[in-house]
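Here is the structure we will look at.
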Amino acid sequence: MQKMQNKNPNNLKNKNQKPQIGISVYFKDFDKTYVEKILRTGITDVFTSLHIPEEDFSQLLERFKILSELCFKYKVNLIPDISPIGFKKLKITKTTAFDFFKEHKVNNLRLDFGFDDIRYVKELYNNFSLILNASTLTEKLYKDYIDAGIDIKKVRFLHNFYPKINSGLSKNDLIKKNKFLKEKNIENLAFVAGDLLKRFPYYDGLPTLEKHRGMHPFPAAVELLEDCQVNGILSGDSKISCESIKYIADFMQNKIINLPCVLYKEYAKYYDKELGLRVDNGEKVLRILSTRIPDIEPSKTADRQAGTITIDNKLACRYSGEIEITKNNLPFSNSANLMGYISPQFLPLLQYANSQYKIRFINTL
């Protein structure tokens, strides 16, 4: 069989500095306008599935062709999730699959369950950029891949997502799995839920970690990247906002933590500015690098719940003008004026903020 020529300049085998961020697209609720809009954000991957039982296969091929053309146009990796069951629904075989995907400009395949024949996996490897299942990788399967002549450095590994409530991985289990992958020098990607449209048929979110099922995708992504040794992020649901993609990209590429919040109008000048953090941040507050302003009058003092943004007044003496964000609930202080509040769903980000990152207040009004 003649080896397929890879015409996608952003192919997975050609690693670059661009952060690995992707979305998912499903044909039952395919929205071309949405897809084209989010492809312009600079994402690297589009995941889709060709074997969902609830998918409408009557229109799948037509919409799959449109999606593949869009991904090719914007130089984004289209990653169909495939299985032998999906082949049957598409009325293709292991042999004709090569021509089918070539016809649709597909260079990347994610192998789901059912590919037990390592020789066929090797044949796919010789013709496509493979994404293998990180959640089900074992030492034996890893050895089988190596023995078959598959260069693990030329593939990526993607964890599963879990549509059924309570079926997602625990954080500890994911860390253990990714420790194994890191020991093998294997990169991995994982899923977060979307924030615009959950996927059919359950509409409960499609994350890798169960704890992320109802969480905003940005703090979920940060937790995966910072705590779980994940190298790239995909949204598993039907739609994720362009803002969330931007926040994740800013974190991965520019080391900026965007913090949606509400500031009192007299502090609106602090929106959209990149603010540094002290190297010696406190246990209970984030201390922002800012020019101290002497003799600020006390105003709007109150109890400080987690996520409260304050600026010290003259009662703090030489600290007057210092801006802080509380990580924990703190009592009333007459020396701290209220500036505003971080939106509650973004509070988990505060534990990851440190001097390696800048923060940016984002107006949610």
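All residue names refer to the structure tokens as shown: chains lettered A, B, ... in order, residues numbered from 1 in each chain, ligands numbered from 1 in order.
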- Who sits within 12 Å of A:Thr48, only C-alpha atoms, same chain under 4 positions skipped, as a PyMOL selection string: chain A and resi 22-30+52+55+60+63-64+67-68+71+77-82+106+108-112+199+234-238
Output file for the residues above (N, CA and C atoms, as a tab-separated table (two decimals), in the first residue's frame):
chain	number	residue	atom	x	y	z
A	22	GLY	N	-7.69	22.50	21.72
A	22	GLY	CA	-8.64	22.06	20.72
A	22	GLY	C	-10.08	22.11	21.18
A	23	ILE	N	-10.97	21.92	20.23
A	23	ILE	CA	-12.40	21.87	20.48
A	23	ILE	C	-12.93	20.54	19.98
A	24	SER	N	-14.19	20.27	20.22
A	24	SER	CA	-14.86	19.11	19.66
A	24	SER	C	-16.05	19.57	18.83
A	25	VAL	N	-16.31	18.84	17.76
A	25	VAL	CA	-17.42	19.15	16.87
A	25	VAL	C	-18.17	17.85	16.61
A	26	TYR	N	-19.50	17.90	16.72
A	26	TYR	CA	-20.33	16.73	16.48
A	26	TYR	C	-21.39	17.07	15.45
A	27	PHE	N	-21.75	16.11	14.63
A	27	PHE	CA	-22.52	16.41	13.42
A	27	PHE	C	-24.01	16.54	13.68
A	28	LYS	N	-24.50	16.00	14.77
A	28	LYS	CA	-25.92	16.14	15.09
A	28	LYS	C	-26.27	17.59	15.37
A	29	ASP	N	-25.35	18.34	15.98
A	29	ASP	CA	-25.59	19.76	16.25
A	29	ASP	C	-24.51	20.63	15.58
A	30	PHE	N	-24.13	20.23	14.37
A	30	PHE	CA	-23.08	20.93	13.62
A	30	PHE	C	-23.51	22.35	13.29
A	52	ILE	N	-20.42	7.61	17.42
A	52	ILE	CA	-21.36	7.86	18.50
A	52	ILE	C	-22.68	7.16	18.17
A	55	GLU	N	-25.54	9.44	17.07
A	55	GLU	CA	-25.29	10.34	15.94
A	55	GLU	C	-26.20	10.01	14.77
A	60	LEU	N	-24.11	12.72	8.25
A	60	LEU	CA	-22.76	12.77	8.80
A	60	LEU	C	-21.70	13.01	7.73
A	63	ARG	N	-21.60	16.60	6.37
A	63	ARG	CA	-21.09	17.57	7.33
A	63	ARG	C	-19.61	17.30	7.66
A	64	PHE	N	-19.23	16.03	7.64
A	64	PHE	CA	-17.83	15.69	7.86
A	64	PHE	C	-16.95	16.30	6.78
A	67	LEU	N	-16.57	19.99	7.49
A	67	LEU	CA	-15.64	20.18	8.60
A	67	LEU	C	-14.20	19.97	8.17
A	68	SER	N	-13.95	18.93	7.39
A	68	SER	CA	-12.58	18.65	6.96
A	68	SER	C	-12.05	19.76	6.06
A	71	CYS	N	-11.14	22.72	8.39
A	71	CYS	CA	-9.90	22.47	9.13
A	71	CYS	C	-8.69	22.58	8.21
A	77	ASN	N	-5.56	20.64	12.84
A	77	ASN	CA	-5.62	19.17	12.81
A	77	ASN	C	-7.03	18.68	13.08
A	78	LEU	N	-7.61	17.98	12.13
A	78	LEU	CA	-8.89	17.30	12.34
A	78	LEU	C	-8.59	15.90	12.88
A	79	ILE	N	-9.15	15.58	14.03
A	79	ILE	CA	-8.87	14.30	14.68
A	79	ILE	C	-10.16	13.50	14.83
A	80	PRO	N	-10.50	12.68	13.86
A	80	PRO	CA	-11.67	11.81	14.03
A	80	PRO	C	-11.35	10.67	15.00
A	81	ASP	N	-12.26	10.42	15.91
A	81	ASP	CA	-12.17	9.28	16.81
A	81	ASP	C	-12.82	8.09	16.10
A	82	ILE	N	-12.07	7.02	15.90
A	82	ILE	CA	-12.58	5.93	15.07
A	82	ILE	C	-12.55	4.60	15.84
A	106	VAL	N	-7.97	13.88	5.74
A	106	VAL	CA	-7.70	13.55	7.13
A	106	VAL	C	-6.32	12.93	7.25
A	108	ASN	N	-4.88	12.75	10.59
A	108	ASN	CA	-4.75	12.39	11.99
A	108	ASN	C	-5.92	11.52	12.42
A	109	LEU	N	-5.64	10.46	13.14
A	109	LEU	CA	-6.68	9.55	13.61
A	109	LEU	C	-6.46	9.26	15.09
A	110	ARG	N	-7.56	9.28	15.85
A	110	ARG	CA	-7.50	8.85	17.24
A	110	ARG	C	-8.18	7.49	17.33
A	111	LEU	N	-7.43	6.50	17.78
A	111	LEU	CA	-7.94	5.14	17.83
A	111	LEU	C	-8.63	4.88	19.16
A	112	ASP	N	-9.93	4.57	19.09
A	112	ASP	CA	-10.66	4.23	20.29
A	112	ASP	C	-10.65	2.71	20.45
A	199	ARG	N	-22.88	18.26	25.14
A	199	ARG	CA	-23.16	17.34	24.04
A	199	ARG	C	-24.28	16.35	24.40
A	234	LEU	N	-8.32	19.87	25.31
A	234	LEU	CA	-9.43	19.90	24.37
A	234	LEU	C	-10.73	20.05	25.13
A	235	SER	N	-11.66	20.78	24.56
A	235	SER	CA	-13.01	20.82	25.10
A	235	SER	C	-13.79	19.65	24.51
A	236	GLY	N	-14.43	18.86	25.38
A	236	GLY	CA	-15.13	17.68	24.91
A	236	GLY	C	-16.54	17.93	24.42
A	237	ASP	N	-17.14	19.05	24.82
A	237	ASP	CA	-18.54	19.30	24.49
A	237	ASP	C	-18.72	19.94	23.12
A	238	SER	N	-19.98	20.15	22.76
A	238	SER	CA	-20.30	20.63	21.41
A	238	SER	C	-19.84	22.06	21.15
- Task: Might you pull out every residue within 8 Å of A:Ile85, with only C-alpha atoms counted and same-chain residues fewer than 3 positions away left off, and present them as a list in words?
- Result: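 Contacts, in chain order: His51, Lys88 and Lys89 of chain A.
The spacing separating atom CA of A:Lys273 from atom CA of A:Pro344 amounts to 20.5 Å.
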- Item | A:Ile309 environment, 9 Å, only C-alpha atoms, sequence neighbours closer than 6 positions dropped, as a list in words |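 Listing them by chain and then by number gives Leu263, Ile323, Glu324, Ile325, Thr326, Asn337, Leu338, Met339, Gly340, Tyr341 and Ile342 of chain A.
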List as JSON lines every residue of stretch 129-236 of chain A that is in contact with stretch 246-257 of chain A, defined as an atom at most 9 Å from one of its atoms (using only C-alpha atoms), together with the nearest atom pair and the distance in Å rounded to one decimal, sorted by chain and then rising number.
{"residue": "A:Pro217", "atom": "CA", "partner": "A:Ile248", "partner_atom": "CA", "distance": 8.4}
{"residue": "A:Phe218", "atom": "CA", "partner": "A:Ile248", "partner_atom": "CA", "distance": 5.8}
{"residue": "A:Pro219", "atom": "CA", "partner": "A:Ile248", "partner_atom": "CA", "distance": 8.7}
{"residue": "A:Ala221", "atom": "CA", "partner": "A:Ile248", "partner_atom": "CA", "distance": 7.0}
{"residue": "A:Val222", "atom": "CA", "partner": "A:Ile248", "partner_atom": "CA", "distance": 7.6}
{"residue": "A:Leu225", "atom": "CA", "partner": "A:Met252", "partner_atom": "CA", "distance": 8.6}
{"residue": "A:Ile233", "atom": "CA", "partner": "A:Ile248", "partner_atom": "CA", "distance": 8.4}
- Task: Give me every helix (DSSP H, G or I) residue in stretch 163-282 of chain A, going by DSSP on the backbone, as a ChimeraX atom specification.
- Result: /A:171-183,210-212,217-227,242-254,265-270
- Query: Smallest atom-to-atom distance to A:Ile152: which of A:Leu90, A:Val121, A:Ile186, A:Ile175, using only C-alpha atoms?
  - Reply: A:Ile186
- How far is it from atom CA of A:Phe87 to atom CA of A:Phe100, in Å with one decimal?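 Calculated distance between atom CA of A:Phe87 and atom CA of A:Phe100 is 10.3 Å.
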- Task: From stretch 43-268 of chain A, collect each residue whose DSSP state is strand (DSSP E or B) and return the set as a PyMOL selection string.
- Result: chain A and resi 45-49+77-82+108-111+129-133+156-158+169+188-192+197+209+232-235+239+256-263
Include N, CA and C atoms and write out the residues we just selected as a compact mmCIF listing (two decimals), in the first residue's frame.
# COMPACT_ATOMS: atom_id res chain seq x y z
N ASP A 45 -6.33 21.88 17.22
CA ASP A 45 -6.99 20.59 16.99
C ASP A 45 -8.50 20.70 17.01
N VAL A 46 -9.14 19.88 16.18
CA VAL A 46 -10.58 19.69 16.22
C VAL A 46 -10.85 18.19 16.34
N PHE A 47 -11.42 17.81 17.46
CA PHE A 47 -11.77 16.41 17.71
C PHE A 47 -13.20 16.17 17.27
N THR A 48 -13.45 15.02 16.66
CA THR A 48 -14.82 14.61 16.37
C THR A 48 -14.89 13.10 16.49
N SER A 49 -16.09 12.58 16.54
CA SER A 49 -16.28 11.14 16.68
C SER A 49 -17.07 10.60 15.51
N ASN A 77 -5.56 20.64 12.84
CA ASN A 77 -5.62 19.17 12.81
C ASN A 77 -7.03 18.68 13.08
N LEU A 78 -7.61 17.98 12.13
CA LEU A 78 -8.89 17.30 12.34
C LEU A 78 -8.59 15.90 12.88
N ILE A 79 -9.15 15.58 14.03
CA ILE A 79 -8.87 14.30 14.68
C ILE A 79 -10.16 13.50 14.83
N PRO A 80 -10.50 12.68 13.86
CA PRO A 80 -11.67 11.81 14.03
C PRO A 80 -11.35 10.67 15.00
N ASP A 81 -12.26 10.42 15.91
CA ASP A 81 -12.17 9.28 16.81
C ASP A 81 -12.82 8.09 16.10
N ILE A 82 -12.07 7.02 15.90
CA ILE A 82 -12.58 5.93 15.07
C ILE A 82 -12.55 4.60 15.84
N ASN A 108 -4.88 12.75 10.59
CA ASN A 108 -4.75 12.39 11.99
C ASN A 108 -5.92 11.52 12.42
N LEU A 109 -5.64 10.46 13.14
CA LEU A 109 -6.68 9.55 13.61
C LEU A 109 -6.46 9.26 15.09
N ARG A 110 -7.56 9.28 15.85
CA ARG A 110 -7.50 8.85 17.24
C ARG A 110 -8.18 7.49 17.33
N LEU A 111 -7.43 6.50 17.78
CA LEU A 111 -7.94 5.14 17.83
C LEU A 111 -8.63 4.88 19.16
N SER A 129 -0.90 10.38 11.26
CA SER A 129 -0.42 10.77 12.57
C SER A 129 -1.42 10.23 13.58
N LEU A 130 -0.99 9.36 14.44
CA LEU A 130 -1.91 8.69 15.36
C LEU A 130 -1.99 9.40 16.70
N ILE A 131 -3.19 9.37 17.26
CA ILE A 131 -3.44 9.77 18.63
C ILE A 131 -4.00 8.53 19.31
N LEU A 132 -3.30 8.02 20.32
CA LEU A 132 -3.70 6.79 20.99
C LEU A 132 -4.34 7.09 22.33
N ASN A 133 -5.00 6.09 22.89
CA ASN A 133 -5.79 6.27 24.10
C ASN A 133 -4.90 6.27 25.34
N ARG A 156 0.75 11.13 19.71
CA ARG A 156 0.29 11.74 20.96
C ARG A 156 -0.72 10.81 21.61
N PHE A 157 -0.94 11.04 22.89
CA PHE A 157 -1.90 10.23 23.64
C PHE A 157 -2.97 11.15 24.22
N LEU A 158 -4.22 10.78 23.98
CA LEU A 158 -5.35 11.57 24.41
C LEU A 158 -6.21 10.76 25.37
N LEU A 169 -12.64 10.10 35.58
CA LEU A 169 -11.47 9.73 36.37
C LEU A 169 -11.36 10.61 37.62
N ASN A 188 0.61 13.96 26.63
CA ASN A 188 -0.80 13.59 26.67
C ASN A 188 -1.69 14.82 26.68
N LEU A 189 -2.91 14.62 26.21
CA LEU A 189 -3.94 15.65 26.23
C LEU A 189 -5.14 15.13 27.00
N ALA A 190 -5.93 16.05 27.54
CA ALA A 190 -7.13 15.66 28.29
C ALA A 190 -8.25 16.65 27.97
N PHE A 191 -9.47 16.24 28.34
CA PHE A 191 -10.65 17.03 28.02
C PHE A 191 -11.17 17.82 29.23
N VAL A 192 -11.72 19.00 28.93
CA VAL A 192 -12.53 19.75 29.88
C VAL A 192 -13.92 19.88 29.27
N LEU A 197 -22.44 24.80 24.94
CA LEU A 197 -23.41 23.76 24.61
C LEU A 197 -22.85 22.39 25.00
N LEU A 209 -11.79 14.47 33.97
CA LEU A 209 -11.93 14.33 35.42
C LEU A 209 -13.38 14.55 35.84
N GLY A 232 -1.75 19.22 26.83
CA GLY A 232 -2.64 19.94 25.95
C GLY A 232 -4.08 19.75 26.37
N ILE A 233 -4.95 20.67 25.95
CA ILE A 233 -6.34 20.72 26.41
C ILE A 233 -7.29 20.71 25.22
N LEU A 234 -8.32 19.87 25.31
CA LEU A 234 -9.43 19.90 24.37
C LEU A 234 -10.73 20.05 25.13
N SER A 235 -11.66 20.78 24.56
CA SER A 235 -13.01 20.82 25.10
C SER A 235 -13.79 19.65 24.51
N LYS A 239 -19.85 22.89 22.20
CA LYS A 239 -19.43 24.28 22.01
C LYS A 239 -18.73 24.81 23.25
N ILE A 256 -0.41 34.32 31.37
CA ILE A 256 -1.34 35.30 31.92
C ILE A 256 -2.56 34.56 32.46
N ILE A 257 -2.96 34.91 33.68
CA ILE A 257 -4.18 34.36 34.27
C ILE A 257 -5.26 35.44 34.20
N ASN A 258 -6.22 35.24 33.31
CA ASN A 258 -7.34 36.18 33.21
C ASN A 258 -8.32 35.90 34.35
N LEU A 259 -8.72 36.95 35.07
CA LEU A 259 -9.61 36.82 36.21
C LEU A 259 -10.87 37.65 35.98
N PRO A 260 -11.93 37.05 35.44
CA PRO A 260 -13.20 37.78 35.31
C PRO A 260 -13.67 38.26 36.67
N CYS A 261 -14.09 39.50 36.73
CA CYS A 261 -14.41 40.10 38.02
C CYS A 261 -15.30 41.31 37.82
N VAL A 262 -15.72 41.89 38.93
CA VAL A 262 -16.43 43.17 38.93
C VAL A 262 -15.66 44.12 39.83
N LEU A 263 -15.25 45.26 39.28
CA LEU A 263 -14.57 46.29 40.05
C LEU A 263 -15.51 47.48 40.24
- Near-A:Lys164 list (9 Å; only C-alpha atoms; drop same-chain fewer than 3 positions) as a ChimeraX atom specification: /A:167-168,202,204-206
- Distance query A:Leu289 at most 10 Å, only C-alpha atoms, self and fewer than 6 positions along chain excluded, as a list of chain:residue names: A:Leu275, A:Gly276, A:Leu277, A:Arg278, A:Val279, A:Glu322, A:Ile323, A:Glu324, A:Ser355, A:Lys358
Atoms kept (N, CA and C atoms) for selection, written as a PDB file, in the first residue's frame:
ATOM      1  N   LEU A 275      -0.837  42.598  35.404  1.00  0.00           N
ATOM      2  CA  LEU A 275      -0.319  42.939  36.721  1.00  0.00           C
ATOM      3  C   LEU A 275       0.543  41.803  37.245  1.00  0.00           C
ATOM      4  N   GLY A 276       1.735  42.135  37.729  1.00  0.00           N
ATOM      5  CA  GLY A 276       2.631  41.122  38.275  1.00  0.00           C
ATOM      6  C   GLY A 276       2.302  40.796  39.716  1.00  0.00           C
ATOM      7  N   LEU A 277       2.829  39.668  40.189  1.00  0.00           N
ATOM      8  CA  LEU A 277       2.638  39.241  41.573  1.00  0.00           C
ATOM      9  C   LEU A 277       3.982  39.134  42.269  1.00  0.00           C
ATOM     10  N   ARG A 278       3.992  39.396  43.549  1.00  0.00           N
ATOM     11  CA  ARG A 278       5.226  39.302  44.323  1.00  0.00           C
ATOM     12  C   ARG A 278       5.747  37.872  44.359  1.00  0.00           C
ATOM     13  N   VAL A 279       7.061  37.736  44.379  1.00  0.00           N
ATOM     14  CA  VAL A 279       7.668  36.414  44.497  1.00  0.00           C
ATOM     15  C   VAL A 279       7.297  35.775  45.827  1.00  0.00           C
ATOM     16  N   GLU A 322      -1.235  49.228  48.262  1.00  0.00           N
ATOM     17  CA  GLU A 322      -0.961  47.860  47.850  1.00  0.00           C
ATOM     18  C   GLU A 322      -2.274  47.116  47.571  1.00  0.00           C
ATOM     19  N   ILE A 323      -2.313  46.441  46.425  1.00  0.00           N
ATOM     20  CA  ILE A 323      -3.512  45.709  46.012  1.00  0.00           C
ATOM     21  C   ILE A 323      -3.341  44.232  46.350  1.00  0.00           C
ATOM     22  N   GLU A 324      -4.408  43.650  46.914  1.00  0.00           N
ATOM     23  CA  GLU A 324      -4.387  42.236  47.281  1.00  0.00           C
ATOM     24  C   GLU A 324      -5.668  41.552  46.827  1.00  0.00           C
ATOM     25  N   SER A 355       4.306  34.322  41.028  1.00  0.00           N
ATOM     26  CA  SER A 355       5.133  35.305  40.320  1.00  0.00           C
ATOM     27  C   SER A 355       5.538  34.858  38.913  1.00  0.00           C
ATOM     28  N   LYS A 358       1.397  36.621  35.183  1.00  0.00           N
ATOM     29  CA  LYS A 358       0.755  37.918  35.393  1.00  0.00           C
ATOM     30  C   LYS A 358      -0.745  37.658  35.458  1.00  0.00           C
TER      31      LYS A 358
END
- Go through A:Ser290, A:Lys269, A:Asn185, A:Ile38 and flag the residue nearest A:Gln229, using only C-alpha atoms for the distances.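 Under the stated criterion, the closest residue is A:Asn185.
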- Message: With distances taken over only C-alpha atoms, which residue among A:Ile118, A:Ile362, A:Met215, A:Leu70 lies nearest A:Gly149?
- Response: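 Closest residue, counting only C-alpha atoms: A:Ile118.
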- Could you state the separation of atom CA of A:Lys122 and atom CA of A:Glu183 in Å, given to one decimal place?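 Atom-to-atom, atom CA of A:Lys122 to atom CA of A:Glu183, that is 22.7 Å.
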